[in-house]
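Quick look at model-v5.cif (mmCIF, C-alpha atoms):
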```
data_model
#
loop_
_atom_site.label_atom_id
_atom_site.label_comp_id
_atom_site.auth_asym_id
_atom_site.auth_seq_id
_atom_site.Cartn_x
_atom_site.Cartn_y
_atom_site.Cartn_z
CA MET A 1 154.09 294.55 59.65
CA GLN A 2 153.58 291.13 61.23
CA THR A 3 154.30 288.14 58.98
CA ARG A 4 153.52 284.44 59.28
CA PHE A 5 155.90 282.62 56.98
CA SER A 6 156.73 279.12 58.22
CA GLU A 7 160.18 278.54 59.69
CA ASP A 8 160.76 275.84 57.09
CA ARG A 9 160.15 278.21 54.16
CA LEU A 10 162.30 280.91 55.72
CA ALA A 11 165.14 278.42 56.21
CA ARG A 12 165.15 277.00 52.68
CA ASP A 13 164.13 279.94 50.47
CA PRO A 14 166.29 283.09 50.40
CA LEU A 15 163.68 284.97 48.37
CA ILE A 16 161.05 284.33 51.03
CA ARG A 17 163.52 285.56 53.67
CA GLN A 18 163.96 288.71 51.60
CA ALA A 19 160.18 289.20 51.26
CA ASN A 20 159.76 288.64 55.00
CA ASP A 21 162.38 291.27 55.82
CA ILE A 22 160.80 293.78 53.42
CA LEU A 23 157.29 293.23 54.73
CA ARG A 24 158.39 293.60 58.35
CA THR A 25 159.84 297.02 57.51
CA CYS A 26 156.41 298.44 56.61
CA VAL A 27 154.67 300.25 59.50
CA HIS A 28 151.32 300.89 57.73
CA CYS A 29 151.82 304.67 57.93
CA GLY A 30 150.23 305.37 54.53
CA PHE A 31 152.59 308.18 53.54
CA CYS A 32 153.04 306.37 50.23
CA THR A 33 149.40 306.79 49.24
CA ALA A 34 149.75 310.55 48.80
CA THR A 35 152.43 310.19 46.12
CA CYS A 36 151.14 307.07 44.33
CA PRO A 37 149.78 308.03 40.89
CA THR A 38 147.16 305.27 40.71
CA PHE A 39 145.84 306.02 44.19
CA VAL A 40 145.67 309.73 43.33
CA LEU A 41 143.58 308.86 40.26
CA LEU A 42 141.44 306.02 41.61
CA GLY A 43 141.28 306.54 45.38
CA ASP A 44 141.30 302.76 45.92
CA GLU A 45 143.46 301.48 48.78
CA LEU A 46 144.29 298.36 46.76
CA ASP A 47 145.74 300.64 44.06
CA SER A 48 148.17 302.17 46.53
CA PRO A 49 151.57 300.77 47.58
CA ARG A 50 150.25 299.92 51.03
CA GLY A 51 147.31 298.04 49.54
CA ARG A 52 149.51 296.18 47.08
CA ILE A 53 151.88 295.23 49.90
CA TYR A 54 148.94 293.60 51.72
CA LEU A 55 147.98 291.72 48.56
CA LEU A 56 151.55 290.53 47.98
CA LYS A 57 151.93 289.54 51.63
CA ASP A 58 148.80 287.40 51.55
CA MET A 59 149.74 285.76 48.25
CA LEU A 60 153.35 284.99 49.17
CA GLU A 61 152.63 284.02 52.77
CA ARG A 62 150.03 281.45 51.77
CA ASP A 63 152.04 280.42 48.70
CA LYS A 64 148.82 280.39 46.71
CA PRO A 65 148.18 281.07 43.01
CA ALA A 66 147.52 284.69 42.14
CA SER A 67 143.87 285.66 41.74
CA ALA A 68 142.43 287.85 39.00
CA SER A 69 141.86 290.61 41.57
CA VAL A 70 145.47 290.57 42.76
CA VAL A 71 146.74 290.60 39.16
CA LYS A 72 144.54 293.59 38.31
CA HIS A 73 145.92 295.75 41.10
CA ILE A 74 149.54 294.66 40.63
CA ASP A 75 149.31 295.25 36.87
CA ARG A 76 148.06 298.78 37.55
CA CYS A 77 151.30 299.62 39.38
CA LEU A 78 153.52 301.82 37.20
CA THR A 79 156.71 300.79 39.05
CA CYS A 80 157.40 304.53 39.30
CA LEU A 81 158.86 303.94 42.81
CA SER A 82 157.61 307.30 44.08
CA CYS A 83 156.50 305.38 47.18
CA MET A 84 160.11 304.44 47.93
CA THR A 85 161.14 308.10 47.88
CA THR A 86 158.27 308.95 50.23
CA CYS A 87 158.53 306.00 52.63
CA PRO A 88 160.06 307.02 55.99
CA SER A 89 160.76 303.37 56.87
CA GLY A 90 162.75 302.46 53.77
CA VAL A 91 160.46 299.68 52.55
CA ASP A 92 162.10 297.99 49.54
CA TYR A 93 158.89 297.94 47.52
CA MET A 94 160.72 297.42 44.20
CA HIS A 95 162.16 294.02 45.08
CA LEU A 96 158.95 292.87 46.78
CA LEU A 97 157.06 293.79 43.62
CA ASP A 98 159.59 291.89 41.50
CA GLN A 99 158.95 288.78 43.59
CA GLY A 100 155.19 289.24 43.34
CA ARG A 101 155.26 289.60 39.56
CA ALA A 102 157.43 286.51 39.19
CA HIS A 103 154.96 284.57 41.37
CA ILE A 104 152.06 285.82 39.24
CA GLU A 105 153.86 284.75 36.06
CA ARG A 106 154.32 281.24 37.49
CA THR A 107 150.85 280.73 38.93
CA TYR A 108 148.32 282.78 36.94
CA ARG A 109 147.10 282.16 33.41
CA CYS A 110 145.87 285.45 32.02
CA PRO A 111 143.26 285.71 29.21
CA LEU A 112 144.41 284.84 25.70
CA GLY A 113 144.45 288.42 24.41
CA GLU A 114 146.58 289.53 27.35
CA ARG A 115 149.00 286.63 26.87
CA LEU A 116 149.41 287.41 23.18
CA LEU A 117 150.03 291.11 23.87
CA ARG A 118 152.68 290.34 26.49
CA ARG A 119 154.41 287.82 24.25
CA LEU A 120 154.41 290.35 21.43
CA LEU A 121 155.92 293.06 23.62
CA ALA A 122 158.54 290.70 25.07
CA ALA A 123 159.50 289.49 21.59
CA VAL A 124 159.67 292.92 19.93
CA VAL A 125 160.59 295.71 22.34
CA PRO A 126 163.97 294.33 23.58
CA HIS A 127 165.30 294.02 20.02
CA THR A 128 166.04 297.19 18.03
CA GLY A 129 165.64 295.60 14.60
CA ARG A 130 162.29 294.05 15.40
CA PHE A 131 161.14 297.26 17.05
CA ARG A 132 162.00 299.25 13.92
CA LEU A 133 159.94 296.87 11.79
CA ALA A 134 157.03 297.09 14.22
CA MET A 135 157.24 300.89 14.14
CA LEU A 136 157.14 300.83 10.35
CA GLY A 137 153.94 298.82 10.54
CA GLY A 138 152.52 301.23 13.09
CA TRP A 139 153.51 304.22 10.97
CA LEU A 140 151.54 302.79 8.05
CA THR A 141 148.44 302.53 10.26
CA ALA A 142 148.91 306.01 11.75
CA PRO A 143 146.01 307.63 9.83
CA VAL A 144 143.52 305.30 11.55
CA ALA A 145 145.37 304.71 14.85
CA ARG A 146 143.39 307.27 16.83
CA TRP A 147 140.16 305.38 16.09
CA MET A 148 141.53 302.00 17.15
CA PRO A 149 140.18 300.83 20.53
CA GLY A 150 142.09 300.34 23.79
CA ARG A 151 145.43 298.59 23.70
CA LEU A 152 145.44 298.22 19.94
CA GLY A 153 145.15 301.97 19.57
CA ALA A 154 147.84 302.55 22.20
CA LEU A 155 150.17 300.15 20.37
CA ALA A 156 149.59 301.83 17.01
CA GLY A 157 149.82 305.28 18.59
CA MET A 158 153.44 304.69 19.59
CA ALA A 159 154.43 304.78 15.93
CA ARG A 160 152.80 307.87 14.48
CA LYS A 161 156.04 308.92 12.86
CA ARG A 162 158.40 307.00 10.62
CA PRO A 163 161.16 305.30 12.64
CA ALA A 164 164.82 306.11 12.12
CA LEU A 165 166.35 303.23 10.18
CA ARG A 166 169.95 304.05 11.12
CA ALA A 167 171.64 305.29 14.26
CA VAL A 168 175.18 306.05 15.37
CA THR A 169 174.91 303.23 17.93
CA ASP A 170 174.00 300.50 15.44
CA ARG A 171 177.61 299.39 14.98
CA ALA A 172 179.92 298.24 17.77
CA ARG A 173 183.11 300.28 17.91
CA VAL A 174 185.29 302.57 20.02
CA ILE A 175 184.97 306.33 19.53
CA PRO A 176 188.10 308.25 20.62
CA ALA A 177 188.06 311.08 23.10
CA GLN A 178 188.74 314.65 22.02
CA GLY A 179 192.05 315.54 23.63
CA PRO A 180 193.58 313.64 26.56
CA VAL A 181 191.63 310.54 27.65
CA ARG A 182 190.16 311.02 31.11
CA MET A 183 188.01 307.91 31.17
CA ARG A 184 186.95 304.86 29.12
CA VAL A 185 183.17 304.44 29.23
CA ALA A 186 180.64 302.06 27.73
CA LEU A 187 177.57 303.83 26.38
CA MET A 188 174.58 301.55 26.75
CA ARG A 189 172.59 301.19 23.54
CA ASN A 190 168.89 301.25 24.44
CA CYS A 191 166.52 299.03 22.47
CA VAL A 192 164.00 301.61 21.25
CA GLN A 193 165.90 304.91 21.34
CA PRO A 194 167.78 304.29 18.05
CA ALA A 195 164.43 303.99 16.26
CA LEU A 196 162.53 306.70 18.13
CA ASP A 197 165.18 309.41 18.42
CA PRO A 198 168.77 308.51 17.40
CA GLU A 199 169.89 312.13 17.86
CA ILE A 200 169.93 311.55 21.63
CA ASP A 201 172.77 309.05 21.52
CA ALA A 202 174.58 311.09 18.87
CA ALA A 203 174.48 314.11 21.22
CA ALA A 204 175.60 311.98 24.16
CA ILE A 205 178.62 310.67 22.25
CA ARG A 206 179.67 314.18 21.19
CA LEU A 207 179.22 315.39 24.76
CA LEU A 208 181.19 312.53 26.32
CA THR A 209 184.09 312.64 23.84
CA ARG A 210 184.25 316.44 24.25
CA HIS A 211 184.73 315.86 27.98
CA GLY A 212 187.62 313.44 27.51
CA CYS A 213 185.78 310.11 27.42
CA GLU A 214 186.69 307.27 25.11
CA VAL A 215 183.26 305.83 24.25
CA VAL A 216 182.84 302.07 23.77
CA LEU A 217 179.81 300.73 21.90
CA ALA A 218 180.36 297.16 23.05
CA GLU A 219 179.76 294.11 20.86
CA GLY A 220 177.18 291.77 22.41
CA GLN A 221 175.36 294.30 24.60
CA GLY A 222 171.58 293.91 24.51
CA CYS A 223 168.41 294.87 26.35
CA CYS A 224 168.79 295.75 30.01
CA GLY A 225 166.00 293.29 30.87
CA ALA A 226 163.50 295.76 32.34
CA VAL A 227 160.67 295.01 29.89
CA VAL A 228 160.52 291.29 30.63
CA GLN A 229 161.29 291.74 34.32
CA HIS A 230 158.27 293.99 34.78
CA MET A 231 156.16 291.24 33.21
CA GLY A 232 157.46 288.75 35.77
CA GLU A 233 159.67 286.88 33.29
CA GLU A 234 162.56 286.60 35.69
CA ASP A 235 164.64 284.07 33.74
CA LYS A 236 164.66 286.22 30.59
CA ALA A 237 165.60 289.32 32.59
CA ARG A 238 168.51 287.46 34.19
CA ALA A 239 169.70 286.22 30.79
CA PHE A 240 169.86 289.80 29.48
CA ALA A 241 171.66 290.91 32.65
CA ARG A 242 174.26 288.11 32.44
CA ALA A 243 175.03 288.90 28.80
CA ASN A 244 175.52 292.60 29.52
CA VAL A 245 177.68 292.00 32.59
CA ARG A 246 179.99 289.72 30.59
CA THR A 247 180.13 292.18 27.69
CA TRP A 248 181.03 295.23 29.77
CA THR A 249 183.44 293.28 31.96
CA THR A 250 185.31 292.14 28.84
CA ALA A 251 185.33 295.72 27.51
CA GLN A 252 187.26 296.84 30.61
CA VAL A 253 185.50 300.16 31.05
CA ASP A 254 185.69 302.62 33.92
CA ARG A 255 181.99 303.45 33.76
CA VAL A 256 178.79 302.25 32.12
CA VAL A 257 176.94 305.38 31.01
CA ILE A 258 173.20 305.37 30.34
CA THR A 259 171.02 307.94 28.60
CA VAL A 260 167.71 306.12 29.24
CA SER A 261 166.92 306.32 32.93
CA GLY A 262 164.57 303.32 32.86
CA CYS A 263 167.52 301.16 31.81
CA GLY A 264 169.75 302.79 34.40
CA THR A 265 167.51 301.75 37.27
CA THR A 266 167.67 298.13 36.12
CA VAL A 267 171.40 297.98 35.38
CA LYS A 268 172.20 299.51 38.76
CA ASP A 269 170.28 296.57 40.24
CA TYR A 270 172.26 293.83 38.44
CA GLY A 271 174.27 293.18 41.59
CA HIS A 272 171.05 292.30 43.42
CA MET A 273 169.47 290.48 40.49
CA LEU A 274 172.44 288.10 40.04
CA ALA A 275 173.54 287.90 43.68
CA ASP A 276 172.72 284.18 43.93
CA GLU A 277 174.81 283.20 40.88
CA PRO A 278 178.36 282.61 42.23
CA ASP A 279 180.06 282.60 38.83
CA ILE A 280 178.95 286.13 37.97
CA ALA A 281 177.77 287.80 41.20
CA ALA A 282 181.00 289.73 41.81
CA ALA A 283 181.15 290.98 38.21
CA ALA A 284 177.50 292.01 38.39
CA ARG A 285 178.14 294.03 41.55
CA ALA A 286 181.11 295.70 39.88
CA ILE A 287 179.04 296.67 36.84
CA SER A 288 176.25 298.02 39.03
CA ASP A 289 178.78 300.10 40.93
CA LYS A 290 180.20 301.48 37.66
CA THR A 291 176.83 302.40 36.18
CA MET A 292 175.87 306.07 36.05
CA ASP A 293 173.28 308.22 34.38
CA VAL A 294 174.99 310.49 31.87
CA THR A 295 174.18 313.55 34.00
CA GLU A 296 175.82 311.99 37.08
CA LEU A 297 179.03 311.43 35.13
CA LEU A 298 179.02 314.94 33.66
CA VAL A 299 178.72 316.45 37.13
CA ASP A 300 181.74 314.40 38.21
CA LEU A 301 183.72 315.42 35.11
CA GLY A 302 182.67 319.05 35.32
CA LEU A 303 180.79 320.64 32.43
CA THR A 304 182.98 322.64 30.07
CA ASP A 305 182.21 326.33 29.71
CA PRO A 306 179.29 326.89 27.32
CA VAL A 307 180.14 328.29 23.90
CA THR A 308 176.51 329.07 23.08
CA LYS A 309 174.51 331.40 25.31
CA PRO A 310 170.98 330.01 25.09
CA ASP A 311 168.43 332.55 26.25
CA LEU A 312 165.85 329.87 26.89
CA THR A 313 163.67 328.68 29.76
CA VAL A 314 163.68 324.90 30.19
CA ALA A 315 160.84 323.06 31.92
CA TYR A 316 162.52 320.01 33.41
CA HIS A 317 160.43 316.85 33.59
CA ALA A 318 161.95 314.45 36.14
CA ALA A 319 161.55 310.87 34.91
CA CYS A 320 160.44 308.55 37.72
CA SER A 321 163.22 306.07 36.99
CA LEU A 322 165.75 308.87 37.48
CA GLN A 323 164.37 310.74 40.48
CA HIS A 324 162.90 307.74 42.34
CA GLY A 325 164.60 304.66 40.90
CA GLN A 326 168.12 306.14 40.94
CA GLN A 327 167.62 309.07 43.33
CA VAL A 328 169.21 311.43 40.78
CA ARG A 329 167.39 314.73 41.23
CA THR A 330 169.75 317.70 41.18
CA ALA A 331 172.35 316.74 38.55
CA PRO A 332 170.26 317.39 35.40
CA LYS A 333 169.00 320.77 36.59
CA GLN A 334 172.43 321.75 37.89
CA LEU A 335 173.99 321.00 34.50
CA LEU A 336 171.31 322.85 32.54
CA GLU A 337 171.77 325.92 34.71
CA ALA A 338 175.55 325.70 34.32
CA ALA A 339 175.02 325.59 30.55
CA GLY A 340 173.12 328.88 30.68
CA PHE A 341 169.46 327.78 30.70
CA ARG A 342 166.80 329.01 33.11
CA VAL A 343 165.27 325.89 34.66
CA VAL A 344 161.73 325.62 36.00
CA SER A 345 159.85 322.61 37.36
CA PRO A 346 156.12 321.79 37.13
CA ILE A 347 153.84 321.23 40.09
CA GLU A 348 153.49 317.58 41.12
CA PRO A 349 156.98 316.73 39.82
CA HIS A 350 156.87 313.42 41.71
CA LEU A 351 153.89 312.06 39.73
CA CYS A 352 154.51 309.76 36.78
CA CYS A 353 153.66 310.89 33.24
CA GLY A 354 152.11 307.48 32.51
CA SER A 355 154.75 306.11 30.15
CA ALA A 356 156.41 303.58 32.48
CA GLY A 357 157.88 301.23 29.89
CA THR A 358 155.05 299.26 28.30
CA TYR A 359 152.42 300.63 30.74
CA SER A 360 151.01 303.01 28.12
CA ILE A 361 150.09 299.91 26.09
CA THR A 362 148.97 297.54 28.84
CA GLN A 363 147.03 300.20 30.82
CA PRO A 364 146.15 302.84 28.20
CA GLY A 365 143.29 304.46 30.11
CA LEU A 366 145.27 305.25 33.26
CA SER A 367 148.31 306.15 31.19
CA ARG A 368 146.39 308.77 29.21
CA GLN A 369 144.95 310.33 32.36
CA LEU A 370 148.41 310.71 33.85
CA ARG A 371 149.79 312.11 30.60
CA ALA A 372 147.04 314.73 30.38
CA ARG A 373 147.74 315.76 33.95
CA LYS A 374 151.49 316.03 33.32
CA LEU A 375 151.07 317.93 30.04
CA GLY A 376 148.77 320.40 31.76
CA ASN A 377 151.34 321.03 34.48
CA LEU A 378 154.19 321.41 31.97
CA GLY A 379 152.15 323.62 29.66
CA ALA A 380 151.31 326.00 32.50
CA LEU A 381 155.00 326.91 32.77
CA GLU A 382 155.04 328.33 29.18
CA ALA A 383 158.69 327.33 28.82
CA ASP A 384 160.66 327.53 25.58
CA VAL A 385 161.61 323.85 25.72
CA ILE A 386 160.81 320.77 27.82
CA ALA A 387 163.68 318.49 28.81
CA ALA A 388 163.74 314.97 30.26
CA GLY A 389 166.24 312.15 30.68
CA ASN A 390 164.16 309.24 29.40
CA ILE A 391 163.03 308.45 25.84
CA GLY A 392 159.90 306.73 27.14
CA CYS A 393 158.69 309.93 28.80
CA LEU A 394 159.60 312.08 25.80
CA ASN A 395 157.86 309.85 23.25
CA HIS A 396 154.77 309.45 25.44
CA LEU A 397 154.42 313.18 26.11
CA ARG A 398 155.02 314.16 22.46
CA GLU A 399 152.11 311.97 21.36
CA GLY A 400 149.58 313.39 23.82
CA ASP A 401 146.56 315.41 22.74
CA GLY A 402 146.98 319.02 23.79
CA ALA A 403 150.76 318.73 24.18
CA PRO A 404 152.48 322.11 24.61
CA ALA A 405 153.97 323.66 21.49
CA SER A 406 157.37 323.70 23.21
CA PRO A 407 159.83 321.20 21.70
CA MET A 408 160.65 318.21 23.91
CA LEU A 409 164.29 317.19 24.05
CA HIS A 410 166.63 315.00 26.02
CA THR A 411 168.80 316.83 28.54
CA VAL A 412 171.99 315.77 26.71
CA GLN A 413 170.82 317.42 23.49
CA LEU A 414 170.64 320.79 25.21
CA LEU A 415 173.97 320.29 27.00
CA ASP A 416 175.65 319.21 23.76
CA TRP A 417 174.36 322.31 21.94
CA ALA A 418 175.46 324.66 24.71
CA THR A 419 178.98 323.22 24.80
CA GLY A 420 179.66 323.22 21.07
CA GLY A 421 177.35 320.74 19.38
CA PRO A 422 174.73 321.41 16.70
CA LYS A 423 171.46 323.11 17.52
CA PRO A 424 168.82 320.40 18.14
CA ARG A 425 166.08 320.02 15.57
CA GLY A 426 162.91 321.82 16.55
CA LEU A 427 164.57 324.71 18.38
#
```
Reformat the file's structure so that it appears as structure tokens.
Amino acid sequence: MQTRFSEDRLARDPLIRQANDILRTCVHCGFCTATCPTFVLLGDELDSPRGRIYLLKDMLERDKPASASVVKHIDRCLTCLSCMTTCPSGVDYMHLLDQGRAHIERTYRCPLGERLLRRLLAAVVPHTGRFRLAMLGGWLTAPVARWMPGRLGALAGMARKRPALRAVTDRARVIPAQGPVRMRVALMRNCVQPALDPEIDAAAIRLLTRHGCEVVLAEGQGCCGAVVQHMGEEDKARAFARANVRTWTTAQVDRVVITVSGCGTTVKDYGHMLADEPDIAAAARAISDKTMDVTELLVDLGLTDPVTKPDLTVAYHAACSLQHGQQVRTAPKQLLEAAGFRVVSPIEPHLCCGSAGTYSITQPGLSRQLRARKLGNLGALEADVIAAGNIGCLNHLREGDGAPASPMLHTVQLLDWATGGPKPRGL
């Protein structure tokens, strides 16, 4: 793609140089349109990656304030990154989109209701305690939530069940390995998982310690920064990243292990996010290099022989942040099969379920359409259980109308059960 950034801007602004390099990689082939969820639904070129790249190019090249039209199409992007998996040219759409959203945040004043919603999400979601309180409020409104309109209904719908008020990850500590110590790992505490489904982290800790890992729940670790970053609040995202890098560096761990794939995609990008901060850049790169999804680490460690023989068929839902953001595709299915499960995959496995962080709240209509499509594909498999590696996907799919009767569990819950842990609730 031809670009027209001035030589002066290219010389003085490293971010513009990055955008220029990314844009010049795109060859307009359009392969990305076939796997973009919003283009599949809407058929609008501007709601495809190629269309959004044109919009971002024009906005950044002219260094002009974002328009309402540009904001609409950028906001509709799920950040599923399916386009990056599809792209034969290796266009770094993720970092171009990050730049575009930061520019929008600086130059566009959205309507009051939108601003209030974003501020609410940014203030609540990255903090477990606040999120628990918000869920309690939502739980109290659950009987009328389905009749609430638009975003208000989507917000209330997230909390149809009472939140868990305690979780094994609430307190910072070190949990010893069972047997000889093979590795010292930090388990990242996600912001919302302790309230939505604390059994996931409990299963992960049992699984890791059973495989010889000393598990560190580090003091001072907070949100990964993804929620505010996807809203264009770059400074807040960097602040979260800096705090986590310092925390895990001090903890002196061999690996940072993550059970929420949306967080994993962001933490693995800390080296890029903080590359221009000399005092922490090297530490950020080291943390990014140490970060692994829990299934990646278990493949490296080697799953212990199963002690339970589960005669169950598992429909595996591949979270976008895992299969596209981190390019982790085979490890979860390989582990489930090694644990004795029969694994099947739905058609259109590359398409997002519509959760995408806060997308189900900010774009409820599109989110529901994608969820219905995903639930239909999963239900057609008639599996005994549905597994995924991301709490956002699991919570979103569980709350959908017409959801399959099959229980929906995190991959680690099934692996923990098969290798000696308790049987997950709902099975």
Inset, instruction - Check which residues satisfy the PyMOL selection byres ((chain A and resi 330-341) around 6) in the file shown, then give them as a list in words. - result: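 Taken over the shown coordinates, the PyMOL selection byres ((chain A and resi 330-341) around 6) returns Thr295, Pro306, Leu312, Thr313, Arg329, Arg342 and Ala418 of chain A.
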Could you make a table, as a Markdown table, of the residues of stretch 209-324 of chain A that have an atom within 9 Å of an atom of stretch 373-380 of chain A, each with its nearest atom pair and distance in Å to one decimal, counting all atoms listed in the file, in chain and number order?
```
| residue | atom | partner | partner_atom | distance |
| --- | --- | --- | --- | --- |
| A:Ala315 | CA | A:Leu378 | CA | 6.9 |
| A:Tyr316 | CA | A:Leu378 | CA | 8.6 |
| A:His317 | CA | A:Leu378 | CA | 7.9 |
```
Inset, instruction - Choose the residue, out of A:Gln326, A:Ala275, A:Arg184, A:His73, that has the smallest atom-to-atom separation from A:Leu208; count all atoms listed in the file. - result: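 For A:Leu208, the nearest of the given residues is A:Arg184.
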Inset, instruction - Evaluate the PyMOL selection byres ((chain A and resi 201) around 9) here and jot the selected residues down as a ChimeraX atom specification. - result: /A:167-169,187,189,193-194,197-200,202-206,259,412-413
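The coordinates place atom CA of A:Ala241 at 11.7 Å from atom CA of A:Glu277.
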Inset, instruction - Decode the PyMOL selection byres ((chain A and resi 293) around 10) for the given file into explicit residues and return them as a list in words. - result: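 Output from the PyMOL selection byres ((chain A and resi 293) around 10), applied to this file: Arg255, Val256, Val257, Ile258, Thr259, Val260, Ser261, Cys263, Gly264, Thr265, Lys268, Thr291, Met292, Val294, Thr295, Glu296, Leu297, Leu298, Leu322, Gln326, Val328, Ala331, Pro332 and Gly389 of chain A.
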Inset, instruction - Tell me which of A:Pro349, A:Val192, A:Glu233, A:Leu301 sits closest to A:Gly392, counting all atoms listed in the file. - result: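 Closest to A:Gly392, using all atoms listed in the file: A:Val192.
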Legend entry - Selected residue, from A:Cys224, A:Leu97, A:Leu42, A:Val245, that lies nearest to A:Thr266 when counting only C-alpha atoms: A:Cys224
Legend entry - Which of A:Thr25, A:Thr79, A:Thr128, A:Gln18 sits closest to A:Ser48 [using all atoms listed in the file]: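 Of the candidates, the smallest distance to A:Ser48 is held by A:Thr79.
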Legend entry - Residue contacts of A:Gly400 (10 Å, only C-alpha atoms) excluding same-chain residues fewer than 5 positions away, as number ranges by chain: A: 157, 368, 371-372, 375, 395
If we count all atoms listed in the file and set the cut-off at 9 Å, which residues sit around stretch 278-285 of chain A, ignoring sequence neighbours fewer than 2 positions away in its own chain? Please answer as a JSON list (two decimals) with C-alpha atoms, in the frame of the given file.
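Written out: selection_31.json:
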```
[["chain", "number", "residue", "atom", "x", "y", "z"],
["A", 241, "ALA", "CA", 171.66, 290.91, 32.65],
["A", 242, "ARG", "CA", 174.26, 288.11, 32.44],
["A", 245, "VAL", "CA", 177.68, 292.00, 32.59],
["A", 246, "ARG", "CA", 179.99, 289.72, 30.59],
["A", 249, "THR", "CA", 183.44, 293.28, 31.96],
["A", 268, "LYS", "CA", 172.20, 299.51, 38.76],
["A", 269, "ASP", "CA", 170.28, 296.57, 40.24],
["A", 270, "TYR", "CA", 172.26, 293.83, 38.44],
["A", 271, "GLY", "CA", 174.27, 293.18, 41.59],
["A", 272, "HIS", "CA", 171.05, 292.30, 43.42],
["A", 273, "MET", "CA", 169.47, 290.48, 40.49],
["A", 274, "LEU", "CA", 172.44, 288.10, 40.04],
["A", 275, "ALA", "CA", 173.54, 287.90, 43.68],
["A", 276, "ASP", "CA", 172.72, 284.18, 43.93],
["A", 287, "ILE", "CA", 179.04, 296.67, 36.84],
["A", 288, "SER", "CA", 176.25, 298.02, 39.03],
["A", 289, "ASP", "CA", 178.78, 300.10, 40.93],
["A", 290, "LYS", "CA", 180.20, 301.48, 37.66]]
```
Inset, instruction - For atom CA of A:Arg132 and atom CA of A:Leu165, determine how far apart the two atoms are, in Å to one decimal place. - result: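 Pair atom CA of A:Arg132 / atom CA of A:Leu165 returns 7.0 Å.
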Inset, instruction - Rank nothing, just name the residue among A:Arg210, A:Asp235, A:Gly43, A:Gln369 nearest to A:Leu351, using all atoms listed in the file. - result: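 Ranked by minimum distance to A:Leu351, first place goes to A:Gln369.
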Inset, instruction - Would you work out the distance separating atom CA of A:Ala66 from atom CA of A:Gln99, expressed in Å to one decimal? - result: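 Going from atom CA of A:Ala66 over to atom CA of A:Gln99, I get 12.2 Å.
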Inset, instruction - Go through A:Val174, A:Cys80, A:Met231, A:Val215 one by one, measure the shortest atom-to-atom distance of each to A:Leu120 using all atoms listed in the file, and give the residue with the smallest value. - result: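 Distance minimum relative to A:Leu120 lands on A:Met231.
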Any chance you could turn stretch 196-208 of chain A into a file with N, CA and C atoms, as a PDB file, in the first residue's frame?
```
ATOM      1  N   LEU A 196     -16.423 -14.481  38.493  1.00  0.00           N
ATOM      2  CA  LEU A 196     -17.287 -15.229  37.579  1.00  0.00           C
ATOM      3  C   LEU A 196     -17.163 -16.736  37.758  1.00  0.00           C
ATOM      4  N   ASP A 197     -15.932 -17.223  37.947  1.00  0.00           N
ATOM      5  CA  ASP A 197     -15.733 -18.675  38.048  1.00  0.00           C
ATOM      6  C   ASP A 197     -14.396 -18.969  38.725  1.00  0.00           C
ATOM      7  N   PRO A 198     -14.328 -18.864  40.056  1.00  0.00           N
ATOM      8  CA  PRO A 198     -13.058 -19.067  40.761  1.00  0.00           C
ATOM      9  C   PRO A 198     -12.534 -20.490  40.676  1.00  0.00           C
ATOM     10  N   GLU A 199     -13.387 -21.450  40.296  1.00  0.00           N
ATOM     11  CA  GLU A 199     -12.930 -22.839  40.200  1.00  0.00           C
ATOM     12  C   GLU A 199     -11.885 -23.029  39.102  1.00  0.00           C
ATOM     13  N   ILE A 200     -11.844 -22.097  38.148  1.00  0.00           N
ATOM     14  CA  ILE A 200     -10.853 -22.229  37.064  1.00  0.00           C
ATOM     15  C   ILE A 200      -9.441 -22.083  37.612  1.00  0.00           C
ATOM     16  N   ASP A 201      -9.205 -21.031  38.384  1.00  0.00           N
ATOM     17  CA  ASP A 201      -7.872 -20.835  38.947  1.00  0.00           C
ATOM     18  C   ASP A 201      -7.533 -21.907  39.978  1.00  0.00           C
ATOM     19  N   ALA A 202      -8.528 -22.353  40.731  1.00  0.00           N
ATOM     20  CA  ALA A 202      -8.287 -23.432  41.696  1.00  0.00           C
ATOM     21  C   ALA A 202      -7.822 -24.695  40.970  1.00  0.00           C
ATOM     22  N   ALA A 203      -8.462 -25.014  39.848  1.00  0.00           N
ATOM     23  CA  ALA A 203      -8.061 -26.182  39.051  1.00  0.00           C
ATOM     24  C   ALA A 203      -6.669 -25.984  38.471  1.00  0.00           C
ATOM     25  N   ALA A 204      -6.373 -24.764  38.012  1.00  0.00           N
ATOM     26  CA  ALA A 204      -5.060 -24.492  37.423  1.00  0.00           C
ATOM     27  C   ALA A 204      -3.950 -24.664  38.454  1.00  0.00           C
ATOM     28  N   ILE A 205      -4.185 -24.194  39.679  1.00  0.00           N
ATOM     29  CA  ILE A 205      -3.176 -24.325  40.727  1.00  0.00           C
ATOM     30  C   ILE A 205      -2.936 -25.793  41.060  1.00  0.00           C
ATOM     31  N   ARG A 206      -4.019 -26.571  41.195  1.00  0.00           N
ATOM     32  CA  ARG A 206      -3.843 -28.011  41.462  1.00  0.00           C
ATOM     33  C   ARG A 206      -3.062 -28.672  40.325  1.00  0.00           C
ATOM     34  N   LEU A 207      -3.393 -28.316  39.123  1.00  0.00           N
ATOM     35  CA  LEU A 207      -2.767 -28.916  37.944  1.00  0.00           C
ATOM     36  C   LEU A 207      -1.279 -28.563  37.877  1.00  0.00           C
ATOM     37  N   LEU A 208      -0.959 -27.290  38.126  1.00  0.00           N
ATOM     38  CA  LEU A 208       0.436 -26.856  38.047  1.00  0.00           C
ATOM     39  C   LEU A 208       1.273 -27.455  39.173  1.00  0.00           C
TER      40      LEU A 208
END
```
